[in-house]
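Shown next: final.txt, given as compact mmCIF, C-alpha atoms and all ligand atoms.
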# COMPACT_ATOMS: atom_id res chain seq x y z
CA MET A 1 62.40 -104.96 -62.50
CA ILE A 2 63.85 -107.01 -59.67
CA SER A 3 62.67 -110.63 -59.93
CA LYS A 4 61.09 -112.55 -57.07
CA ASN A 5 64.06 -114.86 -57.24
CA GLU A 6 66.51 -112.01 -56.68
CA PHE A 7 64.61 -110.88 -53.58
CA LYS A 8 64.72 -114.47 -52.35
CA GLU A 9 68.46 -114.77 -52.93
CA ARG A 10 69.01 -111.60 -50.90
CA ARG A 11 66.94 -112.98 -48.01
CA ASN A 12 68.80 -116.27 -48.15
CA LYS A 13 72.11 -114.45 -47.84
CA VAL A 14 70.83 -112.68 -44.74
CA LEU A 15 69.46 -115.94 -43.29
CA ASN A 16 72.83 -117.62 -43.83
CA PHE A 17 74.61 -114.67 -42.28
CA LEU A 18 72.35 -114.90 -39.19
CA ALA A 19 72.81 -118.67 -38.95
CA ASP A 20 76.61 -118.29 -39.07
CA LEU A 21 76.61 -115.46 -36.56
CA SER A 22 74.37 -117.49 -34.25
CA LYS A 23 76.72 -120.47 -34.42
CA GLU A 24 79.74 -118.32 -33.78
CA GLU A 25 78.28 -116.49 -30.80
CA LYS A 26 76.00 -119.29 -29.55
CA VAL A 27 72.97 -116.97 -29.57
CA ASN A 28 69.96 -117.51 -31.81
CA TYR A 29 69.86 -114.34 -33.86
CA LYS A 30 67.10 -113.11 -36.11
CA ALA A 31 66.56 -109.90 -38.07
CA VAL A 32 63.62 -107.54 -37.63
CA LEU A 33 63.17 -104.71 -40.14
CA LYS A 34 60.33 -102.21 -40.47
CA SER A 35 58.91 -100.63 -43.61
CA GLY A 36 58.27 -97.28 -41.92
CA SER A 37 55.16 -95.17 -41.39
CA GLN A 38 53.45 -92.53 -43.45
CA LYS A 39 54.35 -89.06 -42.17
CA THR A 40 51.80 -86.27 -41.85
CA PHE A 41 52.00 -83.25 -44.12
CA ALA A 42 49.16 -81.13 -42.73
CA ASN A 43 46.53 -82.17 -40.21
CA ASP A 44 45.19 -85.45 -41.64
CA VAL A 45 46.90 -85.20 -45.05
CA LYS A 46 49.76 -87.61 -45.49
CA TYR A 47 52.96 -87.46 -47.48
CA PRO A 48 53.28 -90.09 -50.20
CA PHE A 49 54.82 -93.15 -48.57
CA ARG A 50 58.39 -94.12 -49.44
CA VAL A 51 59.29 -97.52 -48.02
CA ASP A 52 62.51 -98.04 -46.05
CA SER A 53 65.18 -99.09 -48.53
CA ASP A 54 66.57 -102.04 -46.52
CA PHE A 55 63.07 -103.41 -45.94
CA TYR A 56 62.19 -103.14 -49.62
CA TYR A 57 65.55 -104.58 -50.71
CA LEU A 58 64.71 -107.81 -48.89
CA THR A 59 60.99 -108.04 -49.61
CA GLY A 60 59.87 -106.03 -52.64
CA PHE A 61 56.96 -105.10 -50.35
CA ALA A 62 56.23 -101.37 -50.21
CA GLU A 63 53.31 -100.92 -47.79
CA PRO A 64 53.67 -98.82 -44.62
CA ASP A 65 53.54 -100.20 -41.08
CA SER A 66 54.88 -103.62 -42.00
CA VAL A 67 57.54 -105.72 -40.30
CA LEU A 68 59.92 -108.29 -41.74
CA VAL A 69 61.31 -111.04 -39.55
CA LEU A 70 64.07 -113.27 -40.87
CA ASP A 71 64.73 -116.10 -38.45
CA PRO A 72 66.95 -118.99 -39.56
CA HIS A 73 65.93 -120.97 -36.47
CA ALA A 74 62.17 -120.84 -37.06
CA SER A 75 60.12 -123.32 -39.06
CA ASN A 76 58.90 -120.29 -41.05
CA PRO A 77 62.13 -118.34 -41.54
CA TYR A 78 60.60 -115.54 -43.65
CA GLN A 79 57.74 -113.80 -41.85
CA LEU A 80 55.84 -110.67 -42.82
CA TYR A 81 53.62 -108.69 -40.46
CA VAL A 82 51.32 -106.58 -42.60
CA GLN A 83 48.16 -104.50 -42.39
CA ALA A 84 45.21 -106.83 -42.70
CA HIS A 85 42.68 -106.39 -45.46
CA ASP A 86 40.10 -103.77 -44.45
CA PRO A 87 37.03 -103.04 -46.65
CA LEU A 88 36.79 -99.46 -45.39
CA HIS A 89 40.47 -98.83 -46.15
CA ALA A 90 39.93 -100.27 -49.62
CA ILE A 91 37.21 -97.67 -50.27
CA TRP A 92 39.16 -94.67 -48.95
CA GLU A 93 42.79 -95.50 -49.72
CA GLY A 94 42.82 -98.45 -52.08
CA HIS A 95 44.30 -101.91 -52.24
CA ARG A 96 46.30 -103.55 -49.52
CA GLU A 97 47.93 -106.93 -49.98
CA GLY A 98 46.69 -108.19 -46.64
CA LEU A 99 47.85 -111.51 -45.19
CA GLU A 100 46.77 -113.47 -48.26
CA GLY A 101 48.55 -111.16 -50.70
CA ALA A 102 51.72 -111.12 -48.60
CA LYS A 103 51.88 -114.91 -48.82
CA LYS A 104 50.78 -115.26 -52.41
CA ASN A 105 52.60 -112.35 -54.03
CA PHE A 106 55.61 -111.90 -51.76
CA ASP A 107 56.42 -115.51 -51.02
CA CYS A 108 56.65 -115.24 -47.24
CA ASP A 109 56.56 -118.46 -45.24
CA ALA A 110 54.09 -116.96 -42.78
CA ALA A 111 52.02 -113.74 -42.79
CA TYR A 112 50.58 -112.14 -39.65
CA ASP A 113 48.49 -109.08 -38.84
CA VAL A 114 50.85 -106.28 -37.88
CA ASP A 115 48.51 -105.42 -34.99
CA ASP A 116 49.69 -108.68 -33.45
CA PHE A 117 53.33 -107.73 -33.77
CA ASN A 118 54.95 -107.01 -30.50
CA GLU A 119 58.69 -106.98 -30.39
CA GLU A 120 58.75 -108.34 -26.86
CA LYS A 121 55.96 -110.87 -27.16
CA GLU A 122 56.20 -112.02 -30.73
CA PRO A 123 56.62 -115.76 -31.37
CA ASN A 124 60.12 -117.16 -30.77
CA THR A 125 60.87 -114.91 -27.81
CA ASN A 126 63.88 -117.02 -26.91
CA LYS A 127 65.66 -115.58 -29.93
CA LYS A 128 67.57 -112.37 -29.95
CA SER A 129 66.80 -109.92 -32.70
CA SER A 130 69.74 -108.64 -34.66
CA SER A 131 68.22 -105.92 -36.78
CA THR A 132 70.69 -103.39 -35.54
CA LYS A 133 74.26 -102.88 -36.53
CA ASP A 134 75.49 -106.33 -37.55
CA VAL A 135 72.67 -107.30 -39.84
CA LEU A 136 72.23 -103.83 -41.30
CA ASP A 137 75.94 -103.62 -42.05
CA PHE A 138 75.60 -106.95 -43.85
CA VAL A 139 72.54 -105.81 -45.86
CA HIS A 140 74.36 -102.60 -46.74
CA SER A 141 77.37 -104.53 -47.97
CA LEU A 142 74.99 -106.41 -50.30
CA ARG A 143 73.30 -103.20 -51.45
CA THR A 144 76.65 -101.62 -52.30
CA ILE A 145 77.25 -104.06 -55.16
CA LYS A 146 74.53 -103.69 -57.77
CA SER A 147 73.18 -106.64 -59.74
CA ASN A 148 72.45 -106.45 -63.45
CA ALA A 149 68.77 -105.88 -62.73
CA GLU A 150 69.60 -103.02 -60.37
CA ILE A 151 71.98 -101.47 -62.90
CA ALA A 152 69.22 -101.60 -65.53
CA LEU A 153 66.93 -99.63 -63.19
CA MET A 154 69.68 -97.13 -62.43
CA LYS A 155 70.26 -96.64 -66.16
CA LYS A 156 66.57 -96.00 -66.67
CA SER A 157 66.56 -93.49 -63.81
CA ALA A 158 69.63 -91.81 -65.35
CA GLN A 159 67.97 -91.63 -68.78
CA ILE A 160 64.92 -89.93 -67.32
CA SER A 161 67.10 -87.43 -65.47
CA ILE A 162 69.13 -86.70 -68.60
CA GLN A 163 65.96 -85.92 -70.48
CA ALA A 164 64.71 -83.68 -67.66
CA HIS A 165 67.99 -81.71 -67.57
CA ARG A 166 67.89 -81.27 -71.35
CA VAL A 167 64.36 -79.87 -71.31
CA ALA A 168 65.19 -77.55 -68.39
CA GLN A 169 68.29 -76.27 -70.19
CA GLU A 170 66.28 -75.72 -73.37
CA ILE A 171 63.54 -73.66 -71.78
CA CYS A 172 65.81 -71.67 -69.48
CA THR A 173 65.87 -68.00 -70.28
CA THR A 174 66.42 -64.85 -68.26
CA GLY A 175 63.42 -63.40 -66.46
CA ILE A 176 61.84 -66.69 -65.41
CA TYR A 177 61.79 -68.09 -61.89
CA GLU A 178 63.99 -70.95 -60.75
CA TYR A 179 60.84 -72.87 -59.81
CA GLU A 180 59.72 -72.87 -63.42
CA LEU A 181 62.70 -75.08 -64.20
CA GLU A 182 61.99 -77.20 -61.13
CA ALA A 183 58.44 -77.72 -62.44
CA VAL A 184 59.76 -78.86 -65.81
CA LEU A 185 62.20 -81.30 -64.19
CA CYS A 186 59.42 -82.85 -62.13
CA GLN A 187 57.10 -82.95 -65.12
CA VAL A 188 59.62 -85.00 -67.09
CA PHE A 189 60.33 -87.29 -64.12
CA ARG A 190 56.67 -88.18 -63.66
CA SER A 191 55.76 -88.31 -67.33
CA GLN A 192 58.53 -90.85 -67.91
CA GLY A 193 57.30 -93.16 -65.16
CA ALA A 194 59.62 -92.16 -62.33
CA SER A 195 57.94 -91.91 -58.92
CA GLY A 196 59.36 -88.37 -58.77
CA TRP A 197 62.63 -86.92 -57.58
CA ALA A 198 65.26 -88.86 -55.64
CA TYR A 199 65.94 -85.65 -53.65
CA PRO A 200 64.41 -82.18 -53.91
CA PRO A 201 65.80 -80.58 -57.08
CA ILE A 202 68.29 -77.76 -56.67
CA VAL A 203 67.67 -75.02 -59.23
CA ALA A 204 70.06 -72.26 -58.25
CA SER A 205 70.90 -69.07 -60.10
CA GLY A 206 73.42 -66.33 -59.37
CA ALA A 207 74.44 -66.22 -55.69
CA ASN A 208 72.35 -69.33 -54.98
CA THR A 209 74.77 -71.46 -57.01
CA CYS A 210 77.10 -71.19 -54.00
CA ILE A 211 74.54 -72.68 -51.57
CA LEU A 212 75.24 -76.40 -51.67
CA HIS A 213 71.78 -77.63 -50.64
CA TYR A 214 69.69 -74.73 -51.95
CA THR A 215 66.09 -75.85 -52.53
CA GLU A 216 63.95 -72.69 -52.21
CA ASN A 217 64.15 -72.28 -56.02
CA ASN A 218 62.20 -69.02 -55.81
CA GLN A 219 64.42 -66.37 -57.40
CA ILE A 220 64.29 -64.77 -60.85
CA ILE A 221 67.04 -65.92 -63.20
CA LYS A 222 68.92 -62.85 -64.45
CA ALA A 223 71.26 -62.04 -67.32
CA GLY A 224 74.85 -62.83 -66.37
CA ASP A 225 73.76 -65.50 -63.86
CA LEU A 226 75.06 -69.01 -63.83
CA VAL A 227 72.35 -71.62 -63.37
CA LEU A 228 73.19 -74.77 -61.40
CA ILE A 229 70.72 -77.65 -61.63
CA ASP A 230 71.28 -80.64 -59.36
CA ALA A 231 68.36 -83.00 -59.98
CA GLY A 232 67.73 -86.72 -60.33
CA SER A 233 64.72 -88.98 -60.56
CA GLU A 234 63.82 -92.05 -58.56
CA TYR A 235 62.73 -94.95 -60.75
CA GLN A 236 61.42 -98.11 -59.11
CA TYR A 237 63.31 -97.19 -55.91
CA TYR A 238 66.61 -96.39 -57.65
CA ALA A 239 68.14 -92.93 -57.79
CA SER A 240 70.15 -90.89 -60.24
CA ASP A 241 71.97 -87.70 -59.31
CA ILE A 242 73.15 -85.20 -61.92
CA THR A 243 74.47 -81.65 -61.76
CA ARG A 244 75.05 -79.32 -64.67
CA VAL A 245 75.86 -75.60 -64.79
CA PHE A 246 75.25 -73.23 -67.67
CA ALA A 247 74.92 -69.50 -68.36
CA ALA A 248 71.38 -68.14 -68.07
CA ASP A 249 71.82 -66.06 -71.23
CA GLY A 250 73.90 -68.67 -73.05
CA LYS A 251 77.25 -66.94 -72.64
CA MET A 252 79.66 -67.35 -69.76
CA THR A 253 82.02 -64.55 -68.77
CA SER A 254 85.68 -65.44 -69.17
CA GLU A 255 86.01 -65.75 -65.37
CA GLN A 256 83.02 -68.12 -65.18
CA LYS A 257 84.50 -70.11 -68.04
CA ASP A 258 87.94 -70.36 -66.41
CA VAL A 259 86.45 -71.73 -63.21
CA TYR A 260 84.18 -74.08 -65.15
CA ASP A 261 87.18 -75.49 -67.01
CA VAL A 262 89.04 -76.26 -63.79
CA VAL A 263 86.02 -78.13 -62.39
CA LEU A 264 85.56 -79.98 -65.67
CA GLN A 265 89.21 -81.04 -65.83
CA SER A 266 89.08 -82.31 -62.25
CA GLN A 267 85.82 -84.16 -62.93
CA LEU A 268 87.11 -85.87 -66.08
CA ALA A 269 90.31 -86.93 -64.32
CA ALA A 270 88.30 -88.23 -61.37
CA ILE A 271 86.08 -90.32 -63.65
CA GLU A 272 89.19 -91.78 -65.30
CA SER A 273 90.47 -92.78 -61.86
CA VAL A 274 87.49 -95.04 -61.17
CA LYS A 275 88.65 -98.62 -61.49
CA ALA A 276 88.54 -101.73 -59.34
CA GLY A 277 91.22 -101.50 -56.66
CA GLY A 278 91.33 -97.69 -56.71
CA SER A 279 89.78 -95.87 -53.80
CA PHE A 280 87.30 -93.10 -53.08
CA ALA A 281 90.05 -91.32 -51.15
CA GLN A 282 92.47 -91.41 -54.10
CA THR A 283 89.83 -89.91 -56.37
CA HIS A 284 89.17 -87.15 -53.87
CA ASP A 285 92.90 -86.40 -53.54
CA LEU A 286 93.02 -86.12 -57.33
CA THR A 287 90.15 -83.61 -57.63
CA THR A 288 91.58 -81.64 -54.71
CA ALA A 289 95.00 -81.42 -56.36
CA ILE A 290 93.61 -80.32 -59.75
CA ILE A 291 91.24 -77.80 -58.19
CA ALA A 292 93.99 -76.43 -55.92
CA GLU A 293 96.28 -75.97 -58.91
CA GLY A 294 93.50 -74.23 -60.86
CA LEU A 295 92.56 -71.95 -57.95
CA LYS A 296 96.22 -70.96 -57.61
CA ASN A 297 96.62 -70.30 -61.34
CA LEU A 298 93.47 -68.17 -61.37
CA GLY A 299 94.71 -66.19 -58.36
CA TYR A 300 92.05 -67.21 -55.84
CA ILE A 301 94.48 -68.88 -53.43
CA LYS A 302 98.12 -68.30 -52.58
CA ASP A 303 99.22 -71.77 -51.49
CA LYS A 304 97.93 -74.80 -53.37
CA ASN A 305 99.08 -77.05 -50.55
CA ASN A 306 97.10 -75.27 -47.87
CA PRO A 307 93.93 -77.31 -47.20
CA GLU A 308 92.32 -74.40 -45.32
CA GLU A 309 92.62 -72.12 -48.34
CA ILE A 310 91.30 -74.81 -50.72
CA LYS A 311 88.36 -75.60 -48.44
CA LYS A 312 87.07 -72.05 -48.76
CA TYR A 313 86.26 -72.85 -52.42
CA TYR A 314 85.93 -76.65 -52.48
CA MET A 315 84.37 -77.81 -49.24
CA HIS A 316 82.68 -81.14 -50.06
CA GLY A 317 83.66 -84.65 -51.04
CA THR A 318 84.09 -85.80 -54.65
CA GLY A 319 81.22 -88.24 -54.54
CA HIS A 320 79.14 -90.78 -52.72
CA SER A 321 77.69 -94.20 -53.27
CA LEU A 322 74.42 -94.16 -55.23
CA GLY A 323 71.63 -96.72 -55.35
CA MET A 324 68.24 -97.02 -53.65
CA ASP A 325 69.22 -93.99 -51.58
CA VAL A 326 70.77 -90.99 -53.24
CA HIS A 327 73.42 -91.01 -50.53
CA ASP A 328 73.60 -94.77 -50.52
CA CYS A 329 74.95 -97.10 -47.88
CA GLY A 330 77.94 -99.37 -47.57
CA VAL A 331 80.77 -97.05 -48.53
CA ASP A 332 83.20 -95.28 -46.24
CA LYS A 333 84.70 -92.43 -48.25
CA LYS A 334 87.92 -92.59 -46.25
CA THR A 335 88.61 -96.31 -46.55
CA SER A 336 86.48 -97.93 -49.28
CA VAL A 337 88.00 -99.23 -52.51
CA TYR A 338 86.12 -99.52 -55.79
CA ILE A 339 84.58 -102.92 -56.46
CA PRO A 340 82.82 -103.85 -59.72
CA GLY A 341 79.09 -103.26 -59.29
CA MET A 342 79.47 -100.17 -57.11
CA VAL A 343 77.97 -96.92 -58.36
CA THR A 344 79.46 -93.64 -57.25
CA THR A 345 78.82 -90.03 -58.12
CA ILE A 346 81.72 -87.87 -59.26
CA GLU A 347 80.89 -84.27 -58.41
CA PRO A 348 83.75 -81.86 -57.71
CA GLY A 349 82.90 -78.17 -57.46
CA ILE A 350 84.26 -74.68 -56.93
CA TYR A 351 82.25 -71.97 -55.16
CA ILE A 352 83.42 -68.34 -55.31
CA ARG A 353 80.85 -66.60 -53.16
CA ASP A 354 81.82 -62.98 -53.73
CA LYS A 355 81.57 -63.52 -57.50
CA ASN A 356 78.33 -65.57 -57.48
CA ILE A 357 80.19 -68.34 -59.24
CA GLY A 358 79.14 -71.79 -58.04
CA ILE A 359 80.10 -74.65 -60.31
CA ARG A 360 79.62 -78.36 -59.70
CA ILE A 361 79.55 -81.05 -62.38
CA GLU A 362 78.11 -84.39 -61.35
CA ASP A 363 77.84 -87.74 -63.11
CA ASP A 364 76.93 -91.25 -61.96
CA VAL A 365 79.66 -93.81 -62.53
CA LEU A 366 79.42 -97.60 -62.40
CA VAL A 367 82.57 -99.53 -61.48
CA THR A 368 83.00 -102.33 -64.03
CA LYS A 369 85.43 -105.24 -64.32
CA ASP A 370 87.61 -103.28 -66.70
CA GLY A 371 87.17 -99.75 -65.44
CA TYR A 372 84.00 -97.70 -65.38
CA GLU A 373 80.83 -96.78 -67.23
CA VAL A 374 79.32 -93.31 -66.91
CA LEU A 375 75.57 -93.83 -66.62
CA THR A 376 74.91 -90.15 -67.30
CA GLN A 377 77.42 -89.72 -70.12
CA GLU A 378 74.91 -88.60 -72.73
CA LEU A 379 74.16 -85.32 -71.01
CA ALA A 380 76.54 -82.72 -72.44
CA LYS A 381 78.77 -80.74 -70.14
N1 LIG B 401 72.08 -84.09 -54.91
C1 LIG B 401 72.75 -84.36 -53.71
C2 LIG B 401 74.16 -84.63 -53.96
O1 LIG B 401 74.65 -84.33 -55.03
O2 LIG B 401 74.82 -85.21 -53.17
MN MN B 402 75.51 -86.31 -55.39
MN MN B 403 73.56 -84.04 -56.80
Could you show the structure in this file as structure tokens?
Ligand code: GLY
Ligand code: MN
Ligand code: MN
Amino acid sequence: MISKNEFKERRNKVLNFLADLSKEEKVNYKAVLKSGSQKTFANDVKYPFRVDSDFYYLTGFAEPDSVLVLDPHASNPYQLYVQAHDPLHAIWEGHREGLEGAKKNFDCDAAYDVDDFNEEKEPNTNKKSSSTKDVLDFVHSLRTIKSNAEIALMKKSAQISIQAHRVAQEICTTGIYEYELEAVLCQVFRSQGASGWAYPPIVASGANTCILHYTENNQIIKAGDLVLIDAGSEYQYYASDITRVFAADGKMTSEQKDVYDVVLQSQLAAIESVKAGGSFAQTHDLTTAIIAEGLKNLGYIKDKNNPEEIKKYYMHGTGHSLGMDVHDCGVDKKTSVYIPGMVTTIEPGIYIRDKNIGIRIEDDVLVTKDGYEVLTQELAK
């Protein structure tokens, strides 16, 4: 759980950032962030609401149609605009914090009805809002480095995902549909207290293992197929992201095994390369070199130094920042270096389309002071 104090510290950092920027540029800046709205699924049925990550990161407040204003120049620097209490809403939809709850439970200096929020006419109109690039970049730089409390939530999310993968692997057999494994993954996520998935699970068999973002999950798993499961839960707004590949009937062909071993070697080397001062780009160069060498040795490519040839089989990055969003903010894969507190996925893959061999192995790795910690280590590969 993230404490009230931690949310407050985050807001104070943003308020100080705005105060400094205002001084520097002689403009009174403030930040305005929105929680987002509930999208429609069908006619008047709504999707479950997932709050905007930046908004939640600074407030801990998860209701739709709310606005956060952080204004270092106002007498009430932390303002929340929220949906007012409505007895009819309480009957149909349930509890809302309302203005009183926003003040009492979320510590804001002032709470207003969101119906009164008007970007142009809101109080303090002499102040420029800075909710766009500058302030978001700053919030993202904070979100990139995880606190101990955030790491604890990410570990919990990882544990739930590990359990889900284990159960799916156990019940997998030929003749069942991919969606039966998807159902089991989601069952474990929810039964362990996750809100659900952090991204729609990929349960791909046979040719589908070569479709990077396959989510139909509607084919029958056949003997001789590989099964690729890329699935992770979201627990208290924090994601995990794991991929494993196994043989549907428990036995890989020697060709499947050879390719698997190359991916595994590249993944293990990439994990070893995660340490403060190293870079995302170096790790990617490493997986590319090992995969290129393996593809050459196995006869799939002629020239291990030809990026075009390699790209036919390994066409994605090695990993991405992970946190509140599965593809989290604050990291540029070309330029960013590892800093303790960052969490990255390590997920090299090889996809041989004409052989229905798609293999990706993905773990979640925390950068520590001394090196790294694999949050998803306990799931065999
Ligand atoms: N599951 C999405 C990804 O691995 O990036
Ligand atoms: Mn990933
Ligand atoms: Mn993934």
I'd like a table as a tab-separated table: residues in chain A with an atom no more than 8 Å from ligand LIG 401 (chain B), each row giving the shortest atom pair and its distance in Å to one decimal, all atoms listed in the file counted, sorted by chain and rising residue number.
residue	atom	partner	partner_atom	distance
A:Tyr199	CA	B:LIG401	N1	6.5
A:Pro200	CA	B:LIG401	N1	8.0
A:Pro201	CA	B:LIG401	N1	7.5
A:Ile202	CA	B:LIG401	N1	7.6
A:His213	CA	B:LIG401	C1	7.5
A:Asp230	CA	B:LIG401	N1	5.7
A:Ala231	CA	B:LIG401	N1	6.4
A:Gly232	CA	B:LIG401	N1	7.4
A:Asp241	CA	B:LIG401	N1	5.7
A:Ile242	CA	B:LIG401	O1	7.1
A:Thr243	CA	B:LIG401	O1	7.2
A:Gly319	CA	B:LIG401	O2	7.2
A:His320	CA	B:LIG401	O2	7.1
A:Val326	CA	B:LIG401	C1	6.9
A:His327	CA	B:LIG401	O2	6.5
A:Thr345	CA	B:LIG401	O1	7.7
A:Glu347	CA	B:LIG401	O1	7.1
A:Glu362	CA	B:LIG401	O1	7.2
Can I get the selected residues back with C-alpha atoms, as a PDB file, in the coordinates of the input?
ATOM      1  CA  TYR A 199      65.940 -85.650 -53.650  1.00  0.00           C
ATOM      2  CA  PRO A 200      64.410 -82.180 -53.910  1.00  0.00           C
ATOM      3  CA  PRO A 201      65.800 -80.580 -57.080  1.00  0.00           C
ATOM      4  CA  ILE A 202      68.290 -77.760 -56.670  1.00  0.00           C
ATOM      5  CA  HIS A 213      71.780 -77.630 -50.640  1.00  0.00           C
ATOM      6  CA  ASP A 230      71.280 -80.640 -59.360  1.00  0.00           C
ATOM      7  CA  ALA A 231      68.360 -83.000 -59.980  1.00  0.00           C
ATOM      8  CA  GLY A 232      67.730 -86.720 -60.330  1.00  0.00           C
ATOM      9  CA  ASP A 241      71.970 -87.700 -59.310  1.00  0.00           C
ATOM     10  CA  ILE A 242      73.150 -85.200 -61.920  1.00  0.00           C
ATOM     11  CA  THR A 243      74.470 -81.650 -61.760  1.00  0.00           C
ATOM     12  CA  GLY A 319      81.220 -88.240 -54.540  1.00  0.00           C
ATOM     13  CA  HIS A 320      79.140 -90.780 -52.720  1.00  0.00           C
ATOM     14  CA  VAL A 326      70.770 -90.990 -53.240  1.00  0.00           C
ATOM     15  CA  HIS A 327      73.420 -91.010 -50.530  1.00  0.00           C
ATOM     16  CA  THR A 345      78.820 -90.030 -58.120  1.00  0.00           C
ATOM     17  CA  GLU A 347      80.890 -84.270 -58.410  1.00  0.00           C
ATOM     18  CA  GLU A 362      78.110 -84.390 -61.350  1.00  0.00           C
TER      19      GLU A 362
END
(request) Using all atoms listed in the file, find the one residue out of A:Met342, A:Val51, A:Val67, A:Ala19 that sits nearest to Gly371 of chain A. (result) A:Met342
(message) I'd like the interatomic distance between atom CA of Gly278 of chain A and atom CA of Ser141 of chain A, to a tenth of an Å.
(response) 17.8 Å
(message) I need the residue nearest ligand MN 403 (chain B) from this list: A:Ala62, A:Ala281, A:Ala198, A:Leu264. Use all atoms listed in the file for the distance.
(response) A:Ala198
(request) Skip segment 156-170 of chain A itself and residues of its chain fewer than 4 positions away, then list as a PyMOL selection string all residues within 6 Å of it, counting all atoms listed in the file. (result) chain A and resi 181+185+188+232-233+235+240+376+379
(message) Report, in Å to a single decimal, how far apart atom CA of Ala110 of chain A and atom CA of Tyr78 of chain A are.
(response) 6.7 Å
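Look at Glu255 of chain A: the protein and nucleic acid residues within 10 Å of it, using all atoms listed in the file and passing over chain neighbours fewer than 4 places away, are A:Val259, A:Tyr260, A:Asp261, A:Leu298, A:Lys355, A:Ile357.
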(request) Just give me the gap between atom CA of Lys334 of chain A and atom CA of Lys369 of chain A in Å, one decimal is fine. (result)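 Pair atom CA of Lys334 of chain A / atom CA of Lys369 of chain A returns 22.2 Å.
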(request) Write out as a count of residues only each polymer residue whose atoms come within 7 Å of Ile346 of chain A, counting only C-alpha atoms; drop sequence neighbours fewer than 5 positions from it. (result) 8
(message) Given only C-alpha atoms and all ligand atoms as the basis, pick out the residue of A:Ile145, A:Ala269, A:Ile301, A:Thr215 nearest to ligand MN 403 (chain B).
(response)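 Using only C-alpha atoms and all ligand atoms, the shortest distance to ligand MN 403 (chain B) belongs to A:Thr215.
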(request) Pick out the residues sitting within 7 Å of Ile290 of chain A, and hand them over as a PyMOL selection string; count all atoms listed in the file, and ignore anything fewer than 4 positions along from it in its own chain. (result) chain A and resi 266+286+294
(request) Place a sphere of radius 12 Å on (70.3, -73.2, -57.7) in the file coordinates and name every protein, DNA or RNA residue with an atom inside or on its surface, counting all atoms listed in the file; give the answer as a PyMOL selection string. (result) chain A and resi 177-179+181-182+200-221+225-231+243-246+248+356-360
(request) Counting all atoms listed in the file, figure out which residue out of A:Ile352, A:Met252, A:Leu268, A:Ala239 gets nearest to ligand MN 402 (chain B). (result) A:Ala239
Produce the centre coordinates and the three edge lengths, each in Å to one decimal, of the box along x, y and z that contains all listed atoms of segment 31-43 of chain A with 3 Å added on each side, as AutoDock Vina command-line options.
--center_x 56.5 --center_y -95.5 --center_z -40.9 --size_x 26.0 --size_y 34.8 --size_z 12.5
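You can rank A:Cys329, A:Leu18, A:Val263, A:Ala380 by their closest distance to Gly349 of chain A using all atoms listed in the file, and at the top of that list sits A:Val263.
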(request) Rank nothing, just name the residue among A:Phe117, A:Phe55, A:Tyr351, A:Tyr338 nearest to Val365 of chain A, using all atoms listed in the file. (result) A:Tyr338
(message) With only C-alpha atoms as the counted atoms, please give the residues lying no more than 9 Å from Lys4 of chain A, apart from itself and same-chain residues fewer than 6 positions off, as a list in words.
(response) Thr59, Gly60, Phe106 and Asp107 of chain A
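For the point (72.3, -119.0, -42.7), the residues with an atom at a distance of at most 12 Å are Glu9, Arg10, Arg11, Asn12, Lys13, Val14, Leu15, Asn16, Phe17, Leu18, Ala19, Asp20, Leu21, Ser22, Lys23, Glu24, Asn28, Tyr29, Lys30, Ala31, Leu70, Asp71, Pro72, His73, Ala74 and Pro77 of chain A, counting only C-alpha atoms.
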